[in-house]
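Undergrad: Structure file coords.cif (mmCIF, C-alpha atoms) is given on the next line.
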```cif
data_coords
#
loop_
_atom_site.label_atom_id
_atom_site.label_comp_id
_atom_site.auth_asym_id
_atom_site.auth_seq_id
_atom_site.Cartn_x
_atom_site.Cartn_y
_atom_site.Cartn_z
CA MET A 3 -7.15 -1.87 -18.55
CA ARG A 4 -7.61 -3.47 -15.17
CA LEU A 5 -5.93 -6.61 -13.81
CA VAL A 6 -7.16 -8.28 -10.64
CA THR A 7 -5.00 -10.65 -8.60
CA GLU A 8 -5.67 -12.38 -5.30
CA ARG A 9 -4.93 -9.24 -3.26
CA LEU A 10 -4.36 -6.44 -5.77
CA VAL A 11 -5.89 -4.39 -8.53
CA LEU A 12 -3.57 -3.12 -11.25
CA ARG A 13 -5.04 -0.33 -13.37
CA GLY A 14 -4.10 2.64 -15.47
CA ALA A 15 -2.93 5.73 -13.64
CA GLN A 16 -5.32 8.61 -13.01
CA ALA A 17 -4.77 12.22 -11.95
CA ASP A 18 -6.21 11.52 -8.49
CA ASP A 19 -3.40 9.01 -7.85
CA LEU A 20 -1.01 11.93 -7.35
CA ASP A 21 -0.86 12.02 -3.54
CA ALA A 22 -0.45 8.26 -3.22
CA MET A 23 2.26 8.05 -5.88
CA HIS A 24 4.04 11.06 -4.40
CA ALA A 25 4.12 9.21 -1.07
CA VAL A 26 6.01 6.42 -2.86
CA LEU A 27 8.23 8.52 -5.12
CA SER A 28 9.27 10.95 -2.37
CA ASP A 29 10.30 8.18 0.04
CA PRO A 30 14.11 7.75 0.02
CA ARG A 31 13.77 4.05 0.92
CA ALA A 32 11.50 3.37 -2.06
CA THR A 33 13.67 5.34 -4.50
CA GLN A 34 17.04 4.05 -3.28
CA TRP A 35 17.42 2.04 -6.50
CA TRP A 36 15.00 4.03 -8.68
CA SER A 37 16.10 5.96 -11.76
CA THR A 38 15.59 9.33 -10.04
CA PRO A 39 16.26 10.71 -6.57
CA PRO A 40 13.27 11.05 -4.23
CA HIS A 41 10.78 13.52 -5.62
CA GLU A 42 11.25 16.76 -3.71
CA SER A 43 7.90 18.24 -4.70
CA LEU A 44 4.37 17.28 -5.55
CA GLU A 45 4.92 19.01 -8.90
CA ARG A 46 7.76 16.61 -9.76
CA SER A 47 5.48 13.66 -9.02
CA ARG A 48 2.69 15.30 -11.05
CA THR A 49 5.02 15.49 -14.08
CA TRP A 50 5.94 11.82 -13.61
CA LEU A 51 2.30 10.76 -13.22
CA ASP A 52 1.20 12.86 -16.21
CA SER A 53 3.74 11.04 -18.39
CA MET A 54 2.44 7.69 -17.15
CA ILE A 55 -1.14 8.75 -17.95
CA ALA A 56 -0.11 10.13 -21.35
CA ASN A 57 1.05 6.65 -22.39
CA GLY A 58 -2.64 5.80 -22.64
CA PRO A 59 -4.96 3.16 -21.22
CA ASP A 60 -3.64 0.38 -23.48
CA HIS A 61 -0.05 0.82 -22.29
CA PRO A 62 0.88 -2.02 -19.90
CA ASP A 63 2.06 0.18 -17.01
CA PHE A 64 -0.14 0.06 -13.93
CA VAL A 65 -0.63 1.60 -10.52
CA ILE A 66 -1.04 -1.03 -7.81
CA GLU A 67 -4.02 -0.84 -5.46
CA LEU A 68 -4.29 -2.74 -2.19
CA ASP A 69 -7.64 -2.47 -0.44
CA GLY A 70 -8.52 0.51 -2.65
CA ARG A 71 -5.29 2.45 -1.90
CA VAL A 72 -2.52 3.02 -4.42
CA ILE A 73 0.76 1.63 -3.04
CA GLY A 74 3.04 1.65 -6.08
CA LYS A 75 3.38 0.83 -9.74
CA ALA A 76 4.34 -2.18 -11.85
CA GLY A 77 4.53 -2.76 -15.54
CA PHE A 78 6.27 -1.61 -18.64
CA TRP A 79 6.97 2.07 -19.00
CA LYS A 80 8.73 1.13 -22.23
CA LEU A 81 8.37 -2.37 -23.64
CA PRO A 82 10.03 -4.80 -23.17
CA GLU A 83 11.56 -3.48 -19.90
CA VAL A 84 9.68 -4.21 -16.69
CA GLY A 85 9.79 -1.76 -13.80
CA TYR A 86 8.18 -1.57 -10.39
CA ILE A 87 8.23 0.43 -7.18
CA LEU A 88 6.31 -0.18 -3.99
CA HIS A 89 5.89 1.91 -0.86
CA PRO A 90 8.19 0.42 1.84
CA ASP A 91 5.25 -0.08 4.21
CA HIS A 92 4.26 -2.94 1.89
CA TRP A 93 7.63 -4.60 1.34
CA GLY A 94 8.18 -8.22 2.33
CA GLN A 95 4.60 -9.37 1.74
CA GLY A 96 4.95 -10.74 -1.79
CA LEU A 97 2.91 -7.87 -3.25
CA ALA A 98 5.56 -6.74 -5.74
CA SER A 99 5.92 -10.31 -6.99
CA GLU A 100 2.15 -10.63 -7.33
CA ALA A 101 1.88 -7.35 -9.23
CA VAL A 102 4.86 -7.92 -11.53
CA SER A 103 3.70 -11.47 -12.28
CA ALA A 104 0.28 -10.16 -13.34
CA ALA A 105 1.86 -7.50 -15.56
CA ILE A 106 4.14 -10.07 -17.20
CA ALA A 107 1.26 -12.48 -17.82
CA TYR A 108 -0.76 -9.65 -19.37
CA VAL A 109 2.06 -8.57 -21.69
CA PHE A 110 2.83 -12.08 -22.87
CA ALA A 111 -0.91 -12.68 -23.47
CA THR A 112 -1.43 -9.47 -25.44
CA ARG A 113 1.87 -8.60 -27.14
CA PRO A 114 3.98 -10.50 -29.69
CA LEU A 115 7.16 -10.28 -27.61
CA ASP A 116 9.55 -13.18 -27.21
CA GLU A 117 11.52 -11.70 -24.29
CA LEU A 118 11.14 -9.19 -21.48
CA THR A 119 14.03 -7.38 -19.84
CA ALA A 120 14.94 -5.79 -16.52
CA ASP A 121 17.74 -3.47 -15.39
CA VAL A 122 18.50 -3.69 -11.67
CA ASP A 123 21.12 -2.18 -9.39
CA PRO A 124 23.53 -4.90 -8.16
CA ALA A 125 22.94 -3.75 -4.56
CA ASN A 126 19.17 -4.26 -4.82
CA ALA A 127 19.10 -7.81 -3.49
CA ALA A 128 15.31 -7.90 -2.99
CA SER A 129 14.63 -6.93 -6.59
CA ILE A 130 17.15 -9.47 -7.87
CA ARG A 131 15.42 -12.20 -5.82
CA LEU A 132 12.02 -11.11 -7.17
CA LEU A 133 13.19 -11.26 -10.78
CA GLU A 134 14.85 -14.64 -10.32
CA ARG A 135 11.75 -16.05 -8.60
CA LEU A 136 9.74 -15.00 -11.65
CA GLY A 137 12.16 -16.83 -13.96
CA PHE A 138 14.38 -13.98 -15.15
CA VAL A 139 18.00 -14.94 -15.80
CA ARG A 140 20.99 -12.66 -15.71
CA THR A 141 22.15 -11.69 -19.19
CA GLY A 142 24.89 -9.14 -18.46
CA SER A 143 26.11 -6.20 -16.46
CA ALA A 144 27.56 -2.74 -16.93
CA GLN A 145 29.13 -0.08 -14.77
CA ARG A 146 28.09 3.55 -14.46
CA THR A 147 24.84 3.20 -16.41
CA TRP A 148 22.58 5.55 -14.45
CA GLU A 149 23.38 8.89 -12.88
CA VAL A 150 20.96 9.42 -10.02
CA GLY A 151 21.36 12.55 -7.95
CA GLY A 152 24.97 12.97 -9.04
CA VAL A 153 25.93 9.38 -8.18
CA TRP A 154 26.70 6.79 -10.85
CA MET A 155 24.91 3.47 -10.46
CA ASP A 156 25.71 0.11 -12.06
CA SER A 157 23.34 -2.30 -13.76
CA LEU A 158 22.65 -6.00 -13.87
CA TYR A 159 20.59 -7.00 -16.89
CA TYR A 160 18.01 -9.76 -16.79
CA GLY A 161 15.84 -11.42 -19.41
CA LEU A 162 12.73 -13.58 -19.36
CA SER A 163 11.78 -15.50 -22.48
CA ARG A 164 8.20 -16.29 -23.38
CA ALA A 165 9.16 -19.98 -23.52
CA ALA A 166 10.60 -19.91 -19.99
CA TRP A 167 7.53 -18.03 -18.67
CA ASP A 168 5.14 -20.49 -20.36
CA ALA A 169 7.06 -23.45 -18.97
CA ARG A 170 6.92 -22.02 -15.43
CA GLN A 171 3.19 -21.38 -15.74
CA ARG A 172 2.58 -24.99 -16.82
CA GLY A 173 4.23 -26.16 -13.71
#
```
Any chance you could give the structure as structure tokens?

TA:
Amino acid sequence: MRLVTERLVLRGAQADDLDAMHAVLSDPRATQWWSTPPHESLERSRTWLDSMIANGPDHPDFVIELDGRVIGKAGFWKLPEVGYILHPDHWGQGLASEAVSAAIAYVFATRPLDELTADVDPANAASIRLLERLGFVRTGSAQRTWEVGGVWMDSLYYGLSRAAWDARQRG
């Protein structure tokens, strides 16, 4: 599966994406609110990438290419929960929004889901803004939901209904 947006290509992960994804997953800025600490080794990133590949080409979880270079990932590692990570060199340009929007449109067009979800750290203001711009609404919160590197993180939960997405797309 391959999705093409104005500036990006979203496609299934491949083994030769390892170095690029390791550059993202080993960066402490990128993984500050990720579900794991920065990857300390290429082998750790290989295990992560292998699991993404093992989900198969029809699974709606994509690496993000900009000008032919992999800069992150966006999609659904486990439906209906959206997830994304982008190398910090590409933050603030609307690329995450563009990629996540394409992944959402693809899932709603190809899967019989009525709602998508997201779990975001309350301190991750940029991700919260991205979700809200895409029409997600806050549905709840919980404390101490993720242990990352020995530190407990909290969660804000968001949801996006198919009806709300369709209404936003119509204008």

Undergrad: Selected by the PyMOL selection byres ((chain A and resi 165) around 12) in the shown coordinates: which residues, as number ranges by chain?

TA: A: 110, 115-118, 137-138, 161-164, 166-172

Undergrad: Once the PyMOL selection byres ((chain A and resi 19) around 10) has been applied to the shown file, what residues remain in the selection, as a count of residues only?

TA: 17

Undergrad: Hey, what's within 8 Å of range 27-42 of chain A if we count all atoms listed in the file and toss same-chain stuff fewer than 4 positions away? As an MDAnalysis selection string, please?

TA: chainID A and resid 23 46:47 87:90 122:123 126 148:151

Undergrad: Between A:Ala127, A:Ala120, A:Val102, A:Met155, which residue has the minimum interatomic distance to Thr141 in chain A, considering only C-alpha atoms?

TA: A:Ala120

Undergrad: Rank A:Leu44, A:Leu136, A:Val6, A:Ile130 by their smallest atom-to-atom distance to Leu158 in chain A, using all atoms listed in the file, and report the top residue only.

TA: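 Looking at the shortest contact to Leu158 in chain A, the residue is A:Ile130.
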
Undergrad: Between CA of Gly142 in chain A and CA of Tyr160 in chain A, what is the distance, to one decimal in Å?

TA: 7.1 Å

Undergrad: Put the listed atoms of range 19-27 of chain A in a box along x, y and z with 5 Å added on every side and give me the centre and edge lengths in Å to one decimal, as JSON.

TA:
```
{"center_x": 2.4, "center_y": 9.2, "center_z": -4.5, "size_x": 21.6, "size_y": 15.6, "size_z": 16.8}
```

Undergrad: Could you tell me how far CA of Ser129 in chain A lies from CA of Gly152 in chain A, in Å and to one decimal?

TA: 22.6 Å

Undergrad: Mind filling out range 137-156 of chain A with N, CA, C and O atoms and sending it as a compact mmCIF listing (two decimals), keeping the file's coordinate frame?

TA:
```txt
# COMPACT_ATOMS: atom_id res chain seq x y z
N GLY A 137 11.57 -16.11 -12.84
CA GLY A 137 12.16 -16.83 -13.96
C GLY A 137 13.14 -16.02 -14.79
O GLY A 137 13.67 -16.53 -15.79
N PHE A 138 13.39 -14.77 -14.43
CA PHE A 138 14.38 -13.98 -15.15
C PHE A 138 15.77 -14.57 -14.90
O PHE A 138 16.05 -15.05 -13.81
N VAL A 139 16.61 -14.51 -15.92
CA VAL A 139 18.00 -14.94 -15.80
C VAL A 139 18.91 -13.77 -16.15
O VAL A 139 18.59 -12.95 -17.00
N ARG A 140 20.05 -13.75 -15.47
CA ARG A 140 20.99 -12.66 -15.71
C ARG A 140 21.62 -12.80 -17.08
O ARG A 140 22.10 -13.88 -17.46
N THR A 141 21.62 -11.69 -17.82
CA THR A 141 22.15 -11.69 -19.19
C THR A 141 23.40 -10.82 -19.34
O THR A 141 24.05 -10.88 -20.38
N GLY A 142 23.71 -10.00 -18.34
CA GLY A 142 24.89 -9.14 -18.46
C GLY A 142 24.95 -8.13 -17.34
O GLY A 142 24.12 -8.12 -16.42
N SER A 143 25.95 -7.26 -17.45
CA SER A 143 26.11 -6.20 -16.46
C SER A 143 26.88 -5.05 -17.10
O SER A 143 27.52 -5.22 -18.14
N ALA A 144 26.81 -3.91 -16.47
CA ALA A 144 27.56 -2.74 -16.93
C ALA A 144 27.77 -1.80 -15.75
O ALA A 144 26.96 -1.77 -14.81
N GLN A 145 28.83 -1.04 -15.82
CA GLN A 145 29.13 -0.08 -14.77
C GLN A 145 28.73 1.32 -15.22
O GLN A 145 28.74 1.61 -16.42
N ARG A 146 28.38 2.14 -14.23
CA ARG A 146 28.09 3.55 -14.46
C ARG A 146 27.04 3.75 -15.57
O ARG A 146 27.27 4.47 -16.54
N THR A 147 25.89 3.13 -15.40
CA THR A 147 24.84 3.20 -16.41
C THR A 147 23.78 4.26 -16.12
O THR A 147 23.08 4.69 -17.03
N TRP A 148 23.61 4.59 -14.86
CA TRP A 148 22.58 5.55 -14.45
C TRP A 148 23.22 6.58 -13.53
O TRP A 148 23.89 6.21 -12.58
N GLU A 149 22.97 7.85 -13.80
CA GLU A 149 23.38 8.89 -12.88
C GLU A 149 22.14 9.35 -12.13
O GLU A 149 21.19 9.86 -12.73
N VAL A 150 22.12 9.10 -10.84
CA VAL A 150 20.96 9.42 -10.02
C VAL A 150 21.43 10.36 -8.91
O VAL A 150 22.21 9.95 -8.04
N GLY A 151 20.98 11.58 -8.97
CA GLY A 151 21.36 12.55 -7.95
C GLY A 151 22.85 12.78 -7.87
O GLY A 151 23.39 12.97 -6.78
N GLY A 152 23.53 12.74 -9.01
CA GLY A 152 24.97 12.97 -9.04
C GLY A 152 25.82 11.76 -8.71
O GLY A 152 27.04 11.86 -8.65
N VAL A 153 25.20 10.62 -8.50
CA VAL A 153 25.93 9.38 -8.18
C VAL A 153 25.71 8.38 -9.32
O VAL A 153 24.58 8.15 -9.75
N TRP A 154 26.80 7.80 -9.80
CA TRP A 154 26.70 6.79 -10.85
C TRP A 154 26.35 5.44 -10.25
O TRP A 154 26.93 5.02 -9.27
N MET A 155 25.37 4.78 -10.88
CA MET A 155 24.91 3.47 -10.46
C MET A 155 25.28 2.45 -11.54
O MET A 155 25.43 2.81 -12.70
N ASP A 156 25.42 1.20 -11.13
CA ASP A 156 25.71 0.11 -12.06
C ASP A 156 24.43 -0.64 -12.39
O ASP A 156 23.38 -0.41 -11.77
```
